[in-house]
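I have placed the structure first, in the form of structure tokens, so that the comments after it can refer back to it.
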Amino acid sequence: MKKKGIFVIVGMLMSIVLFAEEPLAYKVTETSNAYKEESIKPLQKGDIVYSNKMAQYNYINAEDIVFLIDLAEPNDEYVIHVKNLSPLNTKNVFGDEIIIDYPPDRYSGGYHLPHGEVNEMWVPAYYCYVLKSENREMLLKFNSTLKMLTDNRGGGHIEWYEELNSDVTNGRSMFYNAAIKIGYDTHFLVKNIKKKEYGYAVDCVETVRDYRFDNGKYRTYYQPFQDTSEFWNIYDPGDEMTLYLYLDGDFMDIYVDGNDLHLGTLVKVKKEFIEEYQSLIRNNTCNLSRITSWPKRADGSMDYLSSVSATDFNDMEETENTNDSTIEKSTKKGSGFKIILIAGIAVLLGGGAAVFLIKRKA
């Protein structure tokens, strides 16, 4: 009897462990291949696969770099493109207003570049300020950690804007039904998508071994919202959370586990914007006359100035109330200016400029 009782207890404990470590289940949405080194495993539409809670942006063959999910047993160590999967038990899926099917990347001339047609891209909203300024140094006002990329190596001096992935790919974000990629380093596996009036609520888990860790240290220079969000100080890889995606025209505000922690604001930009932003970061030159469509909110407004300079900011237009937000206004006086981002809106402190604090409604 004692032995039988011991076996029962052990079995219960093993079940608890197995359930705690249960892999995430996904349905294959179209005929696909899973890859493992030189091996290829064909998967049919409707097949069920499991993830070991790992995602990565890496090579899928000798040339192409794409967003991948690592599979668990029985397909252990195989990877598959995230675009071909959907959470098995999800309530909804993303619509066309959020999914952008990016072409694969390739390394070219020391840069990580899509080698197909790129017509749209999700990037941090402050990229609009940077491009409008026509001065790449403006980027450091919003993401000062990029300065850490400046280094001396191999007998030569490397500036931050010469480093691989310091350009548009540093902040490029991807949304697929199976996984989300925020910026260069942070990846989430999606468990459930719920369509809401404001956008989507997404239950997910950050990949258990994410690239924002490097030998136990945060790679802060590859965090697109490092200067404006506390997310990386609160959550660790492997943590579960709900991302709230508020869609407003070409804008997306992302909140984590409620309305108090704002991860950042993204905007959907067009091909000409992407090309001129790339040119600005690499060469410090751009041609803004090519850009005929700047990101706008649903009411046609823009949260950035029509003309900015890296050394001179003038007036900030007041922002009207929207259905999803309440806005509190206060006035600060003093000498000098400091640029901050609150809910993706640049505001100025000092000189009598207005300060806008935005808090999303539940």
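Simple scheme: letters A, B, ... for chains in structure tokens order, numbers from 1 for residues in each chain, numbers from 1 for ligands in the order shown.
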Test item: residues at most 7 Å from Pro237 (chain A), only C-alpha atoms, excluding those fewer than 4 positions along its chain, as a PyMOL selection string: chain A and resi 206-210
Those selected residues, please, written with C-alpha atoms and delivered as an mmCIF file, in the first residue's frame.
data_model
loop_
_atom_site.group_PDB
_atom_site.id
_atom_site.type_symbol
_atom_site.label_atom_id
_atom_site.label_comp_id
_atom_site.auth_asym_id
_atom_site.auth_seq_id
_atom_site.Cartn_x
_atom_site.Cartn_y
_atom_site.Cartn_z
ATOM 1 C CA GLU A 206 7.973 36.103 -24.178
ATOM 2 C CA THR A 207 10.312 33.495 -25.611
ATOM 3 C CA VAL A 208 12.143 31.653 -22.852
ATOM 4 C CA ARG A 209 15.563 32.511 -24.222
ATOM 5 C CA ASP A 210 15.179 35.882 -25.863
#
Identify, on the basis of only C-alpha atoms, every residue whose closest approach to Ala179 (chain A) does not exceed 8 Å; exclude the query and any residue fewer than 5 positions from it along the same chain; express the result as a VMD selection string. chain A and resid 55 69 82 187 to 190
Keeping only C-alpha atoms, write the selected residues to a file as a PDB file, in the first residue's frame.
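Result went into out.pdb, see below:
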ATOM      1  CA  ALA A  55      11.098  32.047 -31.487  1.00  0.00           C
ATOM      2  CA  ILE A  69       9.204  29.324 -34.271  1.00  0.00           C
ATOM      3  CA  VAL A  82       5.623  31.910 -38.098  1.00  0.00           C
ATOM      4  CA  HIS A 187       9.850  38.021 -29.358  1.00  0.00           C
ATOM      5  CA  PHE A 188       6.490  36.800 -28.091  1.00  0.00           C
ATOM      6  CA  LEU A 189       4.688  33.519 -28.775  1.00  0.00           C
ATOM      7  CA  VAL A 190       0.955  34.072 -29.128  1.00  0.00           C
TER       8      VAL A 190
END
Pick from A:His81, A:Thr228, A:Gly249, A:Ile158 nearest to Gly300 (chain A), counting only C-alpha atoms: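 Looking only at the distances to Gly300 (chain A), the closest residue turns out to be A:Gly249.
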Counting only C-alpha atoms, figure out which residue out of A:Phe213, A:Phe175, A:Tyr161, A:Tyr35 gets nearest to Met121 (chain A).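 Checking each of A:Phe213, A:Phe175, A:Tyr161, A:Tyr35 against Met121 (chain A), counting only C-alpha atoms, the winner is A:Phe175.
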To test your reading of the structure, identify every residue in region 121-328 of chain A that backbone DSSP assigns to strand (DSSP E or B), and report it as a PyMOL selection string. chain A and resi 121-124+151-153+156-158+173-175+179-182+186-195+199-206+213-214+217-218+240-248+251-256+261-270+322+325-328
So which residues touch Thr145 (chain A) within 10 Å, counting only C-alpha atoms, skipping near sequence neighbours fewer than 5 positions away, as a ChimeraX atom specification? /A:140,160,219-227
Export N, CA and C atoms of the chosen residues as a compact mmCIF listing (two decimals), in the first residue's frame?
# COMPACT_ATOMS: atom_id res chain seq x y z
N LEU A 140 19.22 59.74 -31.42
CA LEU A 140 19.81 59.55 -30.10
C LEU A 140 19.03 60.26 -29.01
N TRP A 160 28.00 54.55 -34.28
CA TRP A 160 26.76 53.83 -34.02
C TRP A 160 25.92 53.63 -35.28
N ARG A 219 20.89 43.57 -23.57
CA ARG A 219 21.46 44.25 -24.74
C ARG A 219 20.63 45.51 -24.97
N THR A 220 20.84 46.49 -24.13
CA THR A 220 19.97 47.67 -24.12
C THR A 220 19.99 48.44 -25.42
N TYR A 221 21.05 48.35 -26.18
CA TYR A 221 21.11 49.15 -27.40
C TYR A 221 20.20 48.62 -28.50
N TYR A 222 19.65 47.42 -28.32
CA TYR A 222 18.70 46.90 -29.29
C TYR A 222 17.28 46.86 -28.74
N GLN A 223 16.95 47.77 -27.85
CA GLN A 223 15.61 47.88 -27.32
C GLN A 223 15.02 49.20 -27.81
N PRO A 224 14.10 49.17 -28.78
CA PRO A 224 13.66 50.41 -29.43
C PRO A 224 12.96 51.39 -28.51
N PHE A 225 12.39 50.91 -27.38
CA PHE A 225 11.71 51.81 -26.46
C PHE A 225 12.42 51.89 -25.12
N GLN A 226 13.72 51.62 -25.10
CA GLN A 226 14.48 51.59 -23.85
C GLN A 226 14.37 52.89 -23.08
N ASP A 227 14.34 54.01 -23.77
CA ASP A 227 14.33 55.30 -23.09
C ASP A 227 12.94 55.68 -22.60
According to DSSP computed on the backbone, where in region 74-223 of chain A is there alpha helix (DSSP H)? Give the residues as a ChimeraX atom specification. /A:127-133,139-142
Can you tell me, as a PyMOL selection string, what residues are no more than 9 Å from Glu272 (chain A) when counting only C-alpha atoms, ignoring any on the same chain fewer than 2 positions away? chain A and resi 119+269-270+274-277+288+290-293
Using only C-alpha atoms, find the one residue out of A:Asp299, A:Asn135, A:Leu164, A:Leu146 that sits nearest to Thr285 (chain A).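 Among the listed residues, A:Asn135 lies closest to Thr285 (chain A).
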Give me, as a PDB file with C-alpha atoms, in the first residue's frame, all polymer residues having an atom no more than 12 Å from Phe67 (chain A), counting only C-alpha atoms and skipping those fewer than 4 positions away in the same chain.
ATOM      1  CA  MET A  54      11.162  29.670 -28.524  1.00  0.00           C
ATOM      2  CA  ALA A  55      11.098  32.047 -31.487  1.00  0.00           C
ATOM      3  CA  GLN A  56      13.971  33.594 -33.391  1.00  0.00           C
ATOM      4  CA  TYR A  57      14.826  35.754 -36.361  1.00  0.00           C
ATOM      5  CA  ASN A  58      17.315  33.635 -38.233  1.00  0.00           C
ATOM      6  CA  TYR A  59      18.269  31.808 -41.423  1.00  0.00           C
ATOM      7  CA  ILE A  60      15.689  29.386 -42.796  1.00  0.00           C
ATOM      8  CA  VAL A  79      11.864  25.455 -37.150  1.00  0.00           C
ATOM      9  CA  ILE A  80       9.008  26.842 -39.236  1.00  0.00           C
ATOM     10  CA  HIS A  81       8.095  30.309 -40.513  1.00  0.00           C
ATOM     11  CA  VAL A  82       5.623  31.910 -38.098  1.00  0.00           C
ATOM     12  CA  LYS A  83       3.388  33.132 -40.932  1.00  0.00           C
ATOM     13  CA  ASN A  84       2.282  29.545 -41.588  1.00  0.00           C
ATOM     14  CA  LEU A  85       0.942  28.933 -38.073  1.00  0.00           C
ATOM     15  CA  ASP A 101       3.958  39.786 -44.771  1.00  0.00           C
ATOM     16  CA  TYR A 102       7.586  40.878 -44.806  1.00  0.00           C
ATOM     17  CA  PRO A 103       9.896  39.355 -47.418  1.00  0.00           C
ATOM     18  CA  PRO A 104      12.987  37.503 -46.129  1.00  0.00           C
ATOM     19  CA  ASP A 105      16.091  39.490 -45.191  1.00  0.00           C
ATOM     20  CA  SER A 173       8.158  45.149 -35.579  1.00  0.00           C
ATOM     21  CA  MET A 174       6.255  42.145 -36.927  1.00  0.00           C
ATOM     22  CA  PHE A 175       2.802  40.810 -36.097  1.00  0.00           C
ATOM     23  CA  TYR A 176       1.719  37.314 -37.067  1.00  0.00           C
ATOM     24  CA  ALA A 178       1.577  32.789 -34.020  1.00  0.00           C
ATOM     25  CA  ALA A 179       4.232  35.252 -32.863  1.00  0.00           C
ATOM     26  CA  ILE A 180       5.088  38.936 -32.447  1.00  0.00           C
ATOM     27  CA  LYS A 181       8.451  40.602 -32.844  1.00  0.00           C
ATOM     28  CA  ILE A 182       9.015  44.025 -31.224  1.00  0.00           C
ATOM     29  CA  TYR A 184      15.289  43.730 -33.079  1.00  0.00           C
ATOM     30  CA  ASP A 185      15.455  41.628 -29.941  1.00  0.00           C
ATOM     31  CA  THR A 186      12.135  40.870 -28.254  1.00  0.00           C
ATOM     32  CA  HIS A 187       9.850  38.021 -29.358  1.00  0.00           C
ATOM     33  CA  PHE A 188       6.490  36.800 -28.091  1.00  0.00           C
ATOM     34  CA  LEU A 189       4.688  33.519 -28.775  1.00  0.00           C
TER      35      LEU A 189
END
Within 9 Å of Phe231 (chain A) using only C-alpha atoms, minus same-chain residues under 3 positions, as a CSV table (one decimal) with N, CA and C atoms, in the first residue's frame:
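Writing the result to part.csv gives the following:
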chain,number,residue,atom,x,y,z
A,225,PHE,N,12.4,50.9,-27.4
A,225,PHE,CA,11.7,51.8,-26.5
A,225,PHE,C,12.4,51.9,-25.1
A,226,GLN,N,13.7,51.6,-25.1
A,226,GLN,CA,14.5,51.6,-23.9
A,226,GLN,C,14.4,52.9,-23.1
A,234,ILE,N,10.7,45.0,-15.8
A,234,ILE,CA,9.7,44.3,-15.0
A,234,ILE,C,9.5,42.9,-15.5
A,235,TYR,N,9.6,42.6,-16.8
A,235,TYR,CA,9.4,41.3,-17.3
A,235,TYR,C,10.7,40.7,-17.8
A,236,ASP,N,10.7,39.3,-17.7
A,236,ASP,CA,11.9,38.6,-18.1
A,236,ASP,C,11.4,37.6,-19.2
A,256,VAL,N,0.8,46.8,-21.7
A,256,VAL,CA,1.1,45.4,-21.2
A,256,VAL,C,0.3,45.2,-19.9
A,261,LEU,N,1.2,50.3,-18.0
A,261,LEU,CA,2.5,50.1,-18.6
A,261,LEU,C,2.5,50.2,-20.1
A,262,HIS,N,3.0,51.3,-20.6
A,262,HIS,CA,3.0,51.6,-22.0
A,262,HIS,C,4.3,51.1,-22.7
A,263,LEU,N,4.2,50.1,-23.5
A,263,LEU,CA,5.4,49.6,-24.1
A,263,LEU,C,6.0,50.5,-25.1
Report the distance between CA of Lys141 (chain A) and CA of Asp260 (chain A) in Å, rounded to one decimal place. 23.6 Å
So, with only C-alpha atoms as the atoms that count, which of A:Asn92, A:Asn75, A:Ser51, A:Ser229 lies closest to Val202 (chain A)? A:Asn92
Could you name the residues that touch Ala125 (chain A) at 8 Å or less, counting only C-alpha atoms, but leaving out those on the same chain fewer than 4 positions away, as a PyMOL selection string? chain A and resi 129+251+265-267+344
Write out, as an mmCIF file, in the first residue's frame, the residues just selected, with N, CA and C atoms.
data_model
loop_
_atom_site.group_PDB
_atom_site.id
_atom_site.type_symbol
_atom_site.label_atom_id
_atom_site.label_comp_id
_atom_site.auth_asym_id
_atom_site.auth_seq_id
_atom_site.Cartn_x
_atom_site.Cartn_y
_atom_site.Cartn_z
ATOM 1 N N TYR A 129 9.732 61.815 -36.217
ATOM 2 C CA TYR A 129 10.485 62.990 -35.766
ATOM 3 C C TYR A 129 11.901 62.965 -36.319
ATOM 4 N N PHE A 251 -1.515 54.301 -36.531
ATOM 5 C CA PHE A 251 -0.839 54.244 -35.236
ATOM 6 C C PHE A 251 -1.267 53.004 -34.453
ATOM 7 N N THR A 265 4.718 53.201 -28.918
ATOM 8 C CA THR A 265 3.804 53.507 -30.010
ATOM 9 C C THR A 265 4.488 53.212 -31.336
ATOM 10 N N LEU A 266 3.796 52.466 -32.184
ATOM 11 C CA LEU A 266 4.296 52.153 -33.516
ATOM 12 C C LEU A 266 3.472 52.903 -34.551
ATOM 13 N N VAL A 267 4.062 53.114 -35.719
ATOM 14 C CA VAL A 267 3.333 53.656 -36.860
ATOM 15 C C VAL A 267 3.606 52.768 -38.069
ATOM 16 N N GLY A 344 3.791 57.787 -26.870
ATOM 17 C CA GLY A 344 4.182 57.989 -28.255
ATOM 18 C C GLY A 344 4.116 59.421 -28.707
#
